[in-house]
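*Asks:* Structure in structure tokens, see below.
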Amino acid sequence: MAEFTVDLDYLLRYPHGCVEQTVSAVFPQLYFQDLSRQILNYSDEGRNKNSNYFITQAIRKLQLMQLYNGGLTYWSGGGYESWWGSVYAAHFLYEAQKAGFEVDKGFYNKLLDYLVTK
């Protein structure tokens, strides 16, 4: 796990917030919570926060990216959906649920319906 510390640290601090970057920053934290907790404890940004916080915030952010048709926008406030970003986010949300995180069923089902119809 130690060999991924630099890469995970980079992901946690990546400055942009498109759907892919939002998911990429938290997806590894589902599996490396202990490692990310150690990294975050050494940074000012991560003090008093842990991977659960960042995962929960990412889930909320993804909900805000959902359009009327169920797809997720590439950027917050964007006007068109990102099919690949929606697929990636759906995979993350599935894994997050398996890991015990709460994902709104209406949001998730609408996203899945979008993917099935595209």
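For the structure tokens, the naming scheme is as follows: chains receive sequential letters (A, B, ...) according to their order of presentation, residues are indexed from 1 within each chain, and ligands are indexed from 1 in presentation order.
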Set the distance at 12 Å and use only C-alpha atoms: which residues neighbour Lys98 (chain A) once local chain neighbours fewer than 6 positions away are removed? I'd like the list as a tab-separated table (two decimals) with C-alpha atoms, in the first residue's frame.

*Replies:*
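Wrote it out as selection.tsv, contents follow:
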chain	number	residue	atom	x	y	z
A	30	LEU	CA	-13.11	2.72	-0.69
A	31	TYR	CA	-10.29	0.19	-0.64
A	91	HIS	CA	-19.55	1.87	-10.89
A	92	PHE	CA	-18.19	3.92	-7.98

*Asks:* Counting only C-alpha atoms, which of A:Gly70, A:Trp75, A:Gln97, A:Tyr88 gets nearest to Tyr114 (chain A)?

*Replies:* A:Gly70

*Asks:* As an exercise, work out the distance from CA of Tyr80 (chain A) to CA of Phe101 (chain A) in Å and give it to one decimal place.

*Replies:*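 We find that CA of Tyr80 (chain A) and CA of Phe101 (chain A) lie 27.4 Å from each other.
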
*Asks:* Between A:Thr22, A:Ser76, A:Asn69, A:Thr56, which has the minimum distance to Lys118 (chain A) (counting only C-alpha atoms)?

*Replies:*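 Looking only at the distances to Lys118 (chain A), the closest residue turns out to be A:Asn69.
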
*Asks:* My list of candidates is A:Gln66, A:Phe107, A:Leu112, A:Ala99. Which is closest to Val87 (chain A) when distances are computed with only C-alpha atoms?

*Replies:*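 Of all the options, A:Leu112 lies closest to Val87 (chain A).
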
*Asks:* What does the distance between CA of Asn50 (chain A) and CA of Gly17 (chain A) come to in Å, to one decimal place?

*Replies:*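 That distance, rounded to one decimal, is 18.9 Å.
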
*Asks:* Identify which of the residues A:Val26, A:Glu95, A:Trp83, A:Leu72 lies closest to Lys110 (chain A), counting only C-alpha atoms when measuring atom-to-atom distances.

*Replies:*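 Closest candidate: A:Leu72.
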
*Asks:* Using only C-alpha atoms, pick whichever of A:Gly71, A:Gly100, A:Leu93, A:Asn52 has the shortest atom-to-atom distance to Val23 (chain A).

*Replies:*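 When distances to Val23 (chain A) are compared using only C-alpha atoms, the smallest one comes from A:Leu93.
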
*Asks:* As an exercise, work out the distance from CA of Val19 (chain A) to CA of Tyr74 (chain A) in Å and give it to one decimal place.

*Replies:*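 Taking CA of Val19 (chain A) and CA of Tyr74 (chain A), their separation equals 5.3 Å.
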
*Asks:* Do you know which residues are at most 9 Å from Tyr94 (chain A) counting only C-alpha atoms, after dropping those on the same chain fewer than 5 positions away, and could you put them as a list in words?

*Replies:* Ala89, Ala99, Val103 and Tyr108 of chain A

*Asks:* Which residue out of A:Phe27, A:Tyr68, A:Thr73, A:Gly79 has the minimum interatomic distance to Ile55 (chain A) when only C-alpha atoms are used?

*Replies:* A:Phe27
